[in-house]
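Have a look at target.txt below; it lists compact mmCIF, C-alpha atoms.
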```txt
# COMPACT_ATOMS: atom_id res chain seq x y z
CA MET A 1 111.07 119.50 123.81
CA ASP A 2 114.62 119.21 122.56
CA ALA A 3 113.57 117.34 119.43
CA ILE A 4 111.86 120.38 117.93
CA VAL A 5 114.14 122.30 115.59
CA ALA A 6 113.67 126.07 115.87
CA ASN A 7 112.06 127.33 112.64
CA GLY A 8 111.89 123.75 111.43
CA PHE A 9 108.93 121.92 110.02
CA VAL A 10 107.58 120.67 113.35
CA ALA A 11 107.66 124.21 114.76
CA GLU A 12 105.57 125.26 111.74
CA LEU A 13 103.16 122.40 112.32
CA ILE A 14 102.68 123.42 115.95
CA ARG A 15 101.99 127.02 114.91
CA GLN A 16 99.48 125.67 112.43
CA ILE A 17 97.75 123.50 115.04
CA ARG A 18 97.54 126.43 117.46
CA ALA A 19 96.17 128.68 114.72
CA GLN A 20 93.27 126.25 114.19
CA ASP A 21 92.39 126.40 117.85
CA ALA A 22 89.76 129.12 117.50
CA PHE A 23 88.21 128.52 120.92
CA GLY A 24 91.38 128.20 122.96
CA ALA A 25 90.64 124.59 123.83
CA TRP A 26 94.29 123.63 123.42
CA ALA A 27 95.83 126.82 124.84
CA ARG A 28 97.19 124.99 127.88
CA LYS A 29 98.40 122.00 125.93
CA SER A 30 102.14 121.52 125.69
CA GLU A 31 103.90 121.00 122.37
CA ALA A 32 104.26 117.34 123.26
CA ASP A 33 100.50 117.07 123.80
CA LEU A 34 99.75 118.75 120.47
CA LEU A 35 102.16 116.49 118.58
CA GLU A 36 101.12 113.32 120.35
CA PRO A 37 98.51 112.26 117.73
CA TYR A 38 101.13 112.61 114.98
CA ILE A 39 103.52 110.23 116.67
CA VAL A 40 102.67 106.60 116.04
CA ASP A 41 105.50 104.44 117.30
CA ARG A 42 105.68 100.67 117.13
CA GLU A 43 103.79 100.19 120.37
CA LYS A 44 100.96 102.47 119.30
CA ARG A 45 100.84 101.03 115.79
CA LYS A 46 100.22 97.58 117.25
CA THR A 47 97.02 98.84 118.83
CA ILE A 48 95.62 100.16 115.51
CA PRO A 49 93.74 97.64 113.38
CA ILE A 50 95.34 96.93 110.01
CA ILE A 51 92.13 97.79 108.18
CA GLY A 52 90.01 100.64 109.40
CA ASP A 53 87.98 103.62 108.34
CA PRO A 54 89.72 106.97 108.66
CA ASP A 55 87.72 109.16 111.01
CA PRO A 56 87.37 112.94 110.48
CA ASP A 57 90.01 113.64 113.15
CA ILE A 58 92.64 111.72 111.24
CA ILE A 59 91.72 113.33 107.94
CA GLU A 60 91.96 116.73 109.64
CA ARG A 61 95.39 115.70 110.96
CA VAL A 62 96.64 114.66 107.51
CA GLU A 63 95.34 117.92 106.11
CA MET A 64 97.08 119.87 108.87
CA PHE A 65 100.36 118.14 108.07
CA TYR A 66 100.13 119.18 104.40
CA ARG A 67 98.90 122.65 105.30
CA ALA A 68 102.04 123.06 107.42
CA ILE A 69 104.11 122.04 104.39
CA GLY A 70 102.22 124.65 102.40
CA LEU A 71 103.12 127.31 104.95
CA ALA A 72 106.77 126.23 105.00
CA VAL A 73 106.74 126.49 101.19
CA GLU A 74 105.20 129.95 101.41
CA LYS A 75 107.96 131.10 103.78
CA ARG A 76 110.62 130.06 101.31
CA THR A 77 109.01 131.11 98.03
CA GLY A 78 106.42 133.75 98.90
CA LEU A 79 103.79 131.67 97.11
CA ILE A 80 100.82 130.15 98.90
CA ALA A 81 100.52 126.40 98.49
CA SER A 82 97.31 124.82 99.71
CA PRO A 83 96.38 121.15 100.04
CA MET A 84 93.52 119.22 98.51
CA LEU A 85 92.76 115.73 99.81
CA LYS A 86 90.69 112.97 98.36
CA ILE A 87 90.33 110.01 100.67
CA ASN A 88 87.83 107.23 100.22
CA HIS A 89 86.10 105.51 103.11
CA GLU A 90 88.71 102.75 103.09
CA GLY A 91 91.53 105.21 103.76
CA PHE A 92 93.03 105.24 100.28
CA GLY A 93 93.45 108.45 98.40
CA ARG A 94 95.60 111.23 97.17
CA VAL A 95 96.79 114.54 98.46
CA VAL A 96 98.08 117.38 96.32
CA LEU A 97 99.57 120.70 97.25
CA LEU A 98 98.71 123.45 94.77
CA ALA A 99 100.43 126.78 94.13
CA GLY A 100 98.76 128.76 91.37
CA ASN A 101 98.25 126.28 88.55
CA LEU A 102 101.13 124.06 89.65
CA VAL A 103 100.84 120.78 91.53
CA VAL A 104 103.91 121.25 93.71
CA LEU A 105 103.45 117.96 95.54
CA SER A 106 101.36 114.88 94.88
CA LYS A 107 101.21 111.83 97.06
CA HIS A 108 99.08 108.73 97.05
CA LEU A 109 97.85 107.85 100.49
CA ARG A 110 96.96 104.51 101.93
CA ASP A 111 96.07 103.28 105.39
CA VAL A 112 95.21 106.81 106.37
CA HIS A 113 93.80 105.54 109.68
CA ARG A 114 97.42 104.63 110.58
CA PHE A 115 98.85 108.04 109.61
CA GLY A 116 101.71 109.05 111.85
CA PHE A 117 105.46 109.12 112.37
CA GLU A 118 107.61 106.98 114.61
CA THR A 119 109.40 109.89 116.25
CA ILE A 120 109.38 113.67 116.19
CA GLU A 121 112.68 113.50 114.32
CA LYS A 122 111.06 111.44 111.59
CA LEU A 123 108.14 113.85 111.40
CA GLU A 124 110.63 116.70 111.03
CA ALA A 125 112.61 114.81 108.38
CA GLU A 126 109.54 113.92 106.29
CA GLY A 127 108.11 117.43 106.54
CA SER A 128 111.42 118.99 105.48
CA LYS A 129 111.87 116.54 102.63
CA LEU A 130 108.40 117.21 101.21
CA THR A 131 108.88 120.97 101.63
CA ASP A 132 112.16 120.78 99.69
CA GLN A 133 110.47 118.82 96.90
CA ALA A 134 107.67 121.36 96.64
CA VAL A 135 110.10 124.30 96.58
CA LEU A 136 112.13 122.62 93.83
CA MET A 137 108.99 122.19 91.75
CA ILE A 138 108.15 125.88 92.13
CA GLU A 139 111.71 126.86 91.17
CA ARG A 140 111.37 124.70 88.07
CA PHE A 141 108.04 126.18 86.92
CA PRO A 142 107.69 129.58 88.60
CA GLU A 143 105.43 130.94 85.86
CA VAL A 144 102.85 128.20 86.45
CA ALA A 145 103.04 128.56 90.22
CA LYS A 146 102.36 132.30 89.94
CA LEU A 147 99.29 131.94 87.71
CA MET B 1 67.02 113.55 72.16
CA ASP B 2 67.71 116.16 69.52
CA ALA B 3 69.52 118.41 71.97
CA ILE B 4 72.47 116.02 72.34
CA VAL B 5 75.29 116.88 69.97
CA ALA B 6 76.98 113.77 68.56
CA ASN B 7 80.50 113.55 70.03
CA GLY B 8 79.76 116.61 72.12
CA PHE B 9 80.21 117.08 75.82
CA VAL B 10 76.80 115.76 76.85
CA ALA B 11 77.38 112.59 74.83
CA GLU B 12 80.65 112.15 76.79
CA LEU B 13 78.84 112.73 80.07
CA ILE B 14 76.27 110.04 79.22
CA ARG B 15 79.04 107.57 78.35
CA GLN B 16 80.66 108.43 81.67
CA ILE B 17 77.41 107.91 83.62
CA ARG B 18 76.82 104.56 81.91
CA ALA B 19 80.42 103.50 82.61
CA GLN B 20 79.82 104.04 86.35
CA ASP B 21 76.80 101.79 86.26
CA ALA B 22 78.63 98.62 87.31
CA PHE B 23 75.50 96.70 88.19
CA GLY B 24 73.39 97.61 85.17
CA ALA B 25 70.84 99.42 87.32
CA TRP B 26 70.49 102.18 84.72
CA ALA B 27 70.78 99.99 81.63
CA ARG B 28 67.16 100.56 80.66
CA LYS B 29 67.22 104.26 81.43
CA SER B 30 66.95 106.63 78.51
CA GLU B 31 69.43 109.43 77.94
CA ALA B 32 66.78 111.87 79.14
CA ASP B 33 66.43 109.89 82.39
CA LEU B 34 70.19 109.85 82.97
CA LEU B 35 70.52 113.58 82.34
CA GLU B 36 67.46 114.51 84.36
CA PRO B 37 69.35 115.17 87.64
CA TYR B 38 71.73 117.54 85.80
CA ILE B 39 68.91 119.70 84.50
CA VAL B 40 67.67 122.18 87.06
CA ASP B 41 65.32 124.60 85.38
CA ARG B 42 63.53 127.50 87.02
CA GLU B 43 60.59 125.39 88.18
CA LYS B 44 62.86 122.79 89.79
CA ARG B 45 65.16 125.40 91.30
CA LYS B 46 62.19 126.92 93.12
CA THR B 47 61.69 123.65 94.96
CA ILE B 48 65.29 123.51 96.25
CA PRO B 49 65.96 125.38 99.50
CA ILE B 50 68.40 128.28 99.18
CA ILE B 51 70.60 126.89 101.92
CA GLY B 52 71.15 123.15 102.13
CA ASP B 53 73.71 120.44 102.72
CA PRO B 54 75.01 118.77 99.58
CA ASP B 55 74.25 115.06 99.79
CA PRO B 56 76.64 112.40 98.44
CA ASP B 57 74.52 111.97 95.28
CA ILE B 58 75.02 115.59 94.31
CA ILE B 59 78.74 115.51 95.05
CA GLU B 60 78.99 112.38 92.89
CA ARG B 61 77.10 114.25 90.16
CA VAL B 62 79.46 117.24 90.29
CA GLU B 63 82.42 114.87 90.19
CA MET B 64 80.91 113.05 87.20
CA PHE B 65 80.52 116.36 85.35
CA TYR B 66 84.20 117.20 85.85
CA ARG B 67 85.27 113.64 85.09
CA ALA B 68 83.46 113.95 81.75
CA ILE B 69 85.40 117.16 81.11
CA GLY B 70 88.58 115.24 81.94
CA LEU B 71 87.67 112.58 79.36
CA ALA B 72 86.84 115.20 76.75
CA VAL B 73 90.25 116.78 77.45
CA GLU B 74 91.93 113.39 77.10
CA LYS B 75 90.30 112.85 73.70
CA ARG B 76 91.71 116.12 72.43
CA THR B 77 95.18 116.08 74.02
CA GLY B 78 95.92 112.45 74.81
CA LEU B 79 96.58 113.45 78.43
CA ILE B 80 94.48 112.20 81.30
CA ALA B 81 92.92 114.95 83.41
CA SER B 82 91.28 113.88 86.65
CA PRO B 83 89.20 115.89 89.08
CA MET B 84 89.69 116.57 92.78
CA LEU B 85 86.87 118.09 94.78
CA LYS B 86 86.84 119.71 98.15
CA ILE B 87 83.37 120.59 99.34
CA ASN B 88 82.50 121.54 102.89
CA HIS B 89 79.25 120.57 104.55
CA GLU B 90 77.73 123.92 103.60
CA GLY B 91 78.22 123.25 99.91
CA PHE B 92 81.12 125.60 99.35
CA GLY B 93 84.34 124.37 97.89
CA ARG B 94 86.66 124.02 94.99
CA VAL B 95 87.17 121.63 92.16
CA VAL B 96 90.36 121.24 90.17
CA LEU B 97 91.16 119.14 87.14
CA LEU B 98 94.75 117.89 87.12
CA ALA B 99 96.87 116.65 84.23
CA GLY B 100 100.35 115.66 85.33
CA ASN B 101 101.54 118.52 87.52
CA LEU B 102 99.28 121.07 85.87
CA VAL B 103 96.02 122.42 87.24
CA VAL B 104 94.18 122.62 83.92
CA LEU B 105 90.98 123.90 85.46
CA SER B 106 90.11 125.38 88.82
CA LYS B 107 86.71 126.50 89.94
CA HIS B 108 85.28 127.66 93.20
CA LEU B 109 81.95 126.06 93.95
CA ARG B 110 79.07 127.36 95.96
CA ASP B 111 75.53 126.19 96.57
CA VAL B 112 76.54 122.73 95.43
CA HIS B 113 73.13 121.40 96.52
CA ARG B 114 71.68 123.49 93.67
CA PHE B 115 74.15 122.19 91.05
CA GLY B 116 72.57 121.86 87.64
CA PHE B 117 71.92 123.49 84.29
CA GLU B 118 68.76 125.08 82.95
CA THR B 119 68.70 123.12 79.72
CA ILE B 120 70.67 120.40 77.97
CA GLU B 121 71.98 123.08 75.62
CA LYS B 122 73.39 125.03 78.56
CA LEU B 123 74.97 121.87 79.98
CA GLU B 124 76.57 121.26 76.58
CA ALA B 125 77.76 124.87 76.34
CA GLU B 126 79.29 124.92 79.83
CA GLY B 127 80.99 121.55 79.38
CA SER B 128 82.45 122.59 76.03
CA LYS B 129 83.63 125.92 77.40
CA LEU B 130 85.42 124.33 80.35
CA THR B 131 86.93 121.65 78.10
CA ASP B 132 88.28 124.38 75.79
CA GLN B 133 89.80 126.24 78.76
CA ALA B 134 91.50 123.09 80.01
CA VAL B 135 92.88 122.23 76.57
CA LEU B 136 94.25 125.77 76.21
CA MET B 137 96.03 125.45 79.54
CA ILE B 138 97.64 122.18 78.45
CA GLU B 139 98.73 123.74 75.17
CA ARG B 140 100.30 126.56 77.11
CA PHE B 141 102.27 124.34 79.52
CA PRO B 142 102.57 120.92 77.87
CA GLU B 143 105.76 120.08 79.76
CA VAL B 144 104.04 120.45 83.14
CA ALA B 145 100.98 118.52 81.99
CA LYS B 146 103.15 115.61 80.89
CA LEU B 147 105.09 115.35 84.18
```
When written as structure tokens, how does the structure in this file appear?
Amino acid sequence: MDAIVANGFVAELIRQIRAQDAFGAWARKSEADLLEPYIVDREKRKTIPIIGDPDPDIIERVEMFYRAIGLAVEKRTGLIASPMLKINHEGFGRVVLLAGNLVVLSKHLRDVHRFGFETIEKLEAEGSKLTDQAVLMIERFPEVAKL
Amino acid sequence: MDAIVANGFVAELIRQIRAQDAFGAWARKSEADLLEPYIVDREKRKTIPIIGDPDPDIIERVEMFYRAIGLAVEKRTGLIASPMLKINHEGFGRVVLLAGNLVVLSKHLRDVHRFGFETIEKLEAEGSKLTDQAVLMIERFPEVAKL
């Protein structure tokens, strides 16, 4: 897939998805297949109800996205950043990425059952942007992030 | 109940439990009744299986405990500290208390289905201890806690 930047965020996400695949169920899946659930274009969005409960698969997917950001952050700073999610049954919530005692990223979530990106490029852009934000926060308060 | 220290942690926890009672279901309950689920003495512990799934009531109870710590922290520092829990179906997990971009408290949890304290005094002591720790962390990094 041409859209995937080498060593970019999406490449990290794919590594992360494959790493979760303990039983090899996805071993034959292409990168496009693995990314497919993350891509919600206009057509697909139309088929998703406006209000809906987030199922465990989607929550796992959101967590995977933020875990990939954590790994991208670790590559650039050497510090592990791990996500914590809090999502209520209506799909509202919050996700934070923690490194040591520092909240390196905090986002409020809504409509989690519609989580996704219009294109792979937009997924890459959002992942990179959030990674940059998290790295900046660590550079600002390294002492707290190393606690 | 003599064991409850005025303005202490347990008093805060009771206020917090009553505040959650939107429908007045517990209005006639005594303080002892409200605290009863938090007190797990030796006799009671014997009746709880060693391995068990934490049910939503217990998770709510753990969250309430940490929310009360957050409120106690707010009283002393003026900064809101709110909990985030991550508990897997086996009852292992982590709880953090966040103020701004600071993790003011972080604890790994295990055997959540057995969550409780032997006596009201021990509940008071643990709550006060954790509140003190969180306040110390805020005093150490006030800039991060105010972000």
Please report as JSON lines every residue of chain B lying within 10 Å of chain A, along with the nearest atom pair and their distance in Å (one decimal), using all atoms listed in the file.
```
{"residue": "B:Pro83", "atom": "CA", "partner": "A:Lys86", "partner_atom": "CA", "distance": 9.8}
{"residue": "B:Met84", "atom": "CA", "partner": "A:Lys86", "partner_atom": "CA", "distance": 6.7}
{"residue": "B:Leu85", "atom": "CA", "partner": "A:Lys86", "partner_atom": "CA", "distance": 7.3}
{"residue": "B:Lys86", "atom": "CA", "partner": "A:Met84", "partner_atom": "CA", "distance": 6.7}
{"residue": "B:Arg94", "atom": "CA", "partner": "A:Met84", "partner_atom": "CA", "distance": 9.1}
{"residue": "B:Val95", "atom": "CA", "partner": "A:Met84", "partner_atom": "CA", "distance": 9.3}
{"residue": "B:Val96", "atom": "CA", "partner": "A:Met84", "partner_atom": "CA", "distance": 9.1}
{"residue": "B:Leu98", "atom": "CA", "partner": "A:Val103", "partner_atom": "CA", "distance": 8.1}
{"residue": "B:Ala99", "atom": "CA", "partner": "A:Val103", "partner_atom": "CA", "distance": 9.3}
{"residue": "B:Gly100", "atom": "CA", "partner": "A:Val103", "partner_atom": "CA", "distance": 8.1}
{"residue": "B:Asn101", "atom": "CA", "partner": "A:Val103", "partner_atom": "CA", "distance": 4.7}
{"residue": "B:Leu102", "atom": "CA", "partner": "A:Leu102", "partner_atom": "CA", "distance": 5.2}
{"residue": "B:Val103", "atom": "CA", "partner": "A:Asn101", "partner_atom": "CA", "distance": 4.6}
{"residue": "B:Val104", "atom": "CA", "partner": "A:Asn101", "partner_atom": "CA", "distance": 7.2}
{"residue": "B:Leu105", "atom": "CA", "partner": "A:Asn101", "partner_atom": "CA", "distance": 8.3}
{"residue": "B:Ser106", "atom": "CA", "partner": "A:Asn101", "partner_atom": "CA", "distance": 8.2}
{"residue": "B:Met137", "atom": "CA", "partner": "A:Asn101", "partner_atom": "CA", "distance": 9.3}
{"residue": "B:Arg140", "atom": "CA", "partner": "A:Val144", "partner_atom": "CA", "distance": 9.8}
{"residue": "B:Phe141", "atom": "CA", "partner": "A:Val144", "partner_atom": "CA", "distance": 8.0}
{"residue": "B:Glu143", "atom": "CA", "partner": "A:Phe141", "partner_atom": "CA", "distance": 9.7}
{"residue": "B:Val144", "atom": "CA", "partner": "A:Phe141", "partner_atom": "CA", "distance": 7.9}
{"residue": "B:Ala145", "atom": "CA", "partner": "A:Leu102", "partner_atom": "CA", "distance": 9.5}
```
Excluding region 55-64 of chain B and any residue of its chain fewer than 5 positions from it, enumerate the residues within 12 Å of it, using only C-alpha atoms, and give them as a short mmCIF file (atom, residue, chain, number, x, y, z; two decimals) with C-alpha atoms, in the frame of the given file.
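Contents of part23.cif, as written:
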```cif
data_model
loop_
_atom_site.label_atom_id
_atom_site.label_comp_id
_atom_site.auth_asym_id
_atom_site.auth_seq_id
_atom_site.Cartn_x
_atom_site.Cartn_y
_atom_site.Cartn_z
CA LYS A 86 90.69 112.97 98.36
CA VAL B 10 76.80 115.76 76.85
CA GLU B 12 80.65 112.15 76.79
CA LEU B 13 78.84 112.73 80.07
CA ILE B 14 76.27 110.04 79.22
CA ARG B 15 79.04 107.57 78.35
CA GLN B 16 80.66 108.43 81.67
CA ILE B 17 77.41 107.91 83.62
CA ARG B 18 76.82 104.56 81.91
CA ALA B 19 80.42 103.50 82.61
CA GLN B 20 79.82 104.04 86.35
CA LEU B 34 70.19 109.85 82.97
CA LEU B 35 70.52 113.58 82.34
CA GLU B 36 67.46 114.51 84.36
CA PRO B 37 69.35 115.17 87.64
CA TYR B 38 71.73 117.54 85.80
CA ILE B 39 68.91 119.70 84.50
CA ILE B 69 85.40 117.16 81.11
CA GLY B 70 88.58 115.24 81.94
CA LEU B 71 87.67 112.58 79.36
CA SER B 82 91.28 113.88 86.65
CA PRO B 83 89.20 115.89 89.08
CA MET B 84 89.69 116.57 92.78
CA LEU B 85 86.87 118.09 94.78
CA LYS B 86 86.84 119.71 98.15
CA ILE B 87 83.37 120.59 99.34
CA ASN B 88 82.50 121.54 102.89
CA HIS B 89 79.25 120.57 104.55
CA GLU B 90 77.73 123.92 103.60
CA GLY B 91 78.22 123.25 99.91
CA PHE B 92 81.12 125.60 99.35
CA GLY B 93 84.34 124.37 97.89
CA ARG B 94 86.66 124.02 94.99
CA VAL B 95 87.17 121.63 92.16
CA VAL B 96 90.36 121.24 90.17
CA LEU B 97 91.16 119.14 87.14
CA LYS B 107 86.71 126.50 89.94
CA LEU B 109 81.95 126.06 93.95
CA ARG B 110 79.07 127.36 95.96
CA ASP B 111 75.53 126.19 96.57
CA VAL B 112 76.54 122.73 95.43
CA HIS B 113 73.13 121.40 96.52
CA ARG B 114 71.68 123.49 93.67
CA PHE B 115 74.15 122.19 91.05
CA GLY B 116 72.57 121.86 87.64
CA PHE B 117 71.92 123.49 84.29
CA GLY B 127 80.99 121.55 79.38
#
```
For Val135 (chain B), please output as a list in words all residues within 8 Å (counting all atoms listed in the file; exclusion window: fewer than 4 positions along the same chain).
Val73, Arg76, Thr77, Val104, Thr131 and Glu139 of chain B
Only C-alpha atoms, please: the residues just picked out, written as a CSV table (one decimal), keeping the file's coordinate frame.
```csv
chain,number,residue,atom,x,y,z
B,73,VAL,CA,90.2,116.8,77.4
B,76,ARG,CA,91.7,116.1,72.4
B,77,THR,CA,95.2,116.1,74.0
B,104,VAL,CA,94.2,122.6,83.9
B,131,THR,CA,86.9,121.6,78.1
B,139,GLU,CA,98.7,123.7,75.2
```
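The two atoms in question, CA of Lys129 (chain A) and CA of Pro54 (chain A), are spaced 24.9 Å apart.
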Which centre and edge lengths in Å to one decimal define the box along x, y and z that fits every listed atom of region 126-134 of chain A plus 3 Å per side, as JSON?
```
{"center_x": 109.9, "center_y": 117.6, "center_z": 101.6, "size_x": 10.5, "size_y": 13.4, "size_z": 15.9}
```
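One distance worth recording is that between CA of Gly8 (chain A) and CA of Ile48 (chain A), which is 28.9 Å.
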As an exercise, work out the distance from CA of Val40 (chain B) to CA of Leu136 (chain B) in Å and give it to one decimal place.
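According to the coordinates, CA of Val40 (chain B) and CA of Leu136 (chain B) are separated by 28.9 Å.
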Can you pull out the residues contacting Ala11 (chain A)? Cut-off 9 Å, using all atoms listed in the file, and skip same-chain residues under 6 positions away; I want them as a PyMOL selection string.
chain A and resi 4-5+124
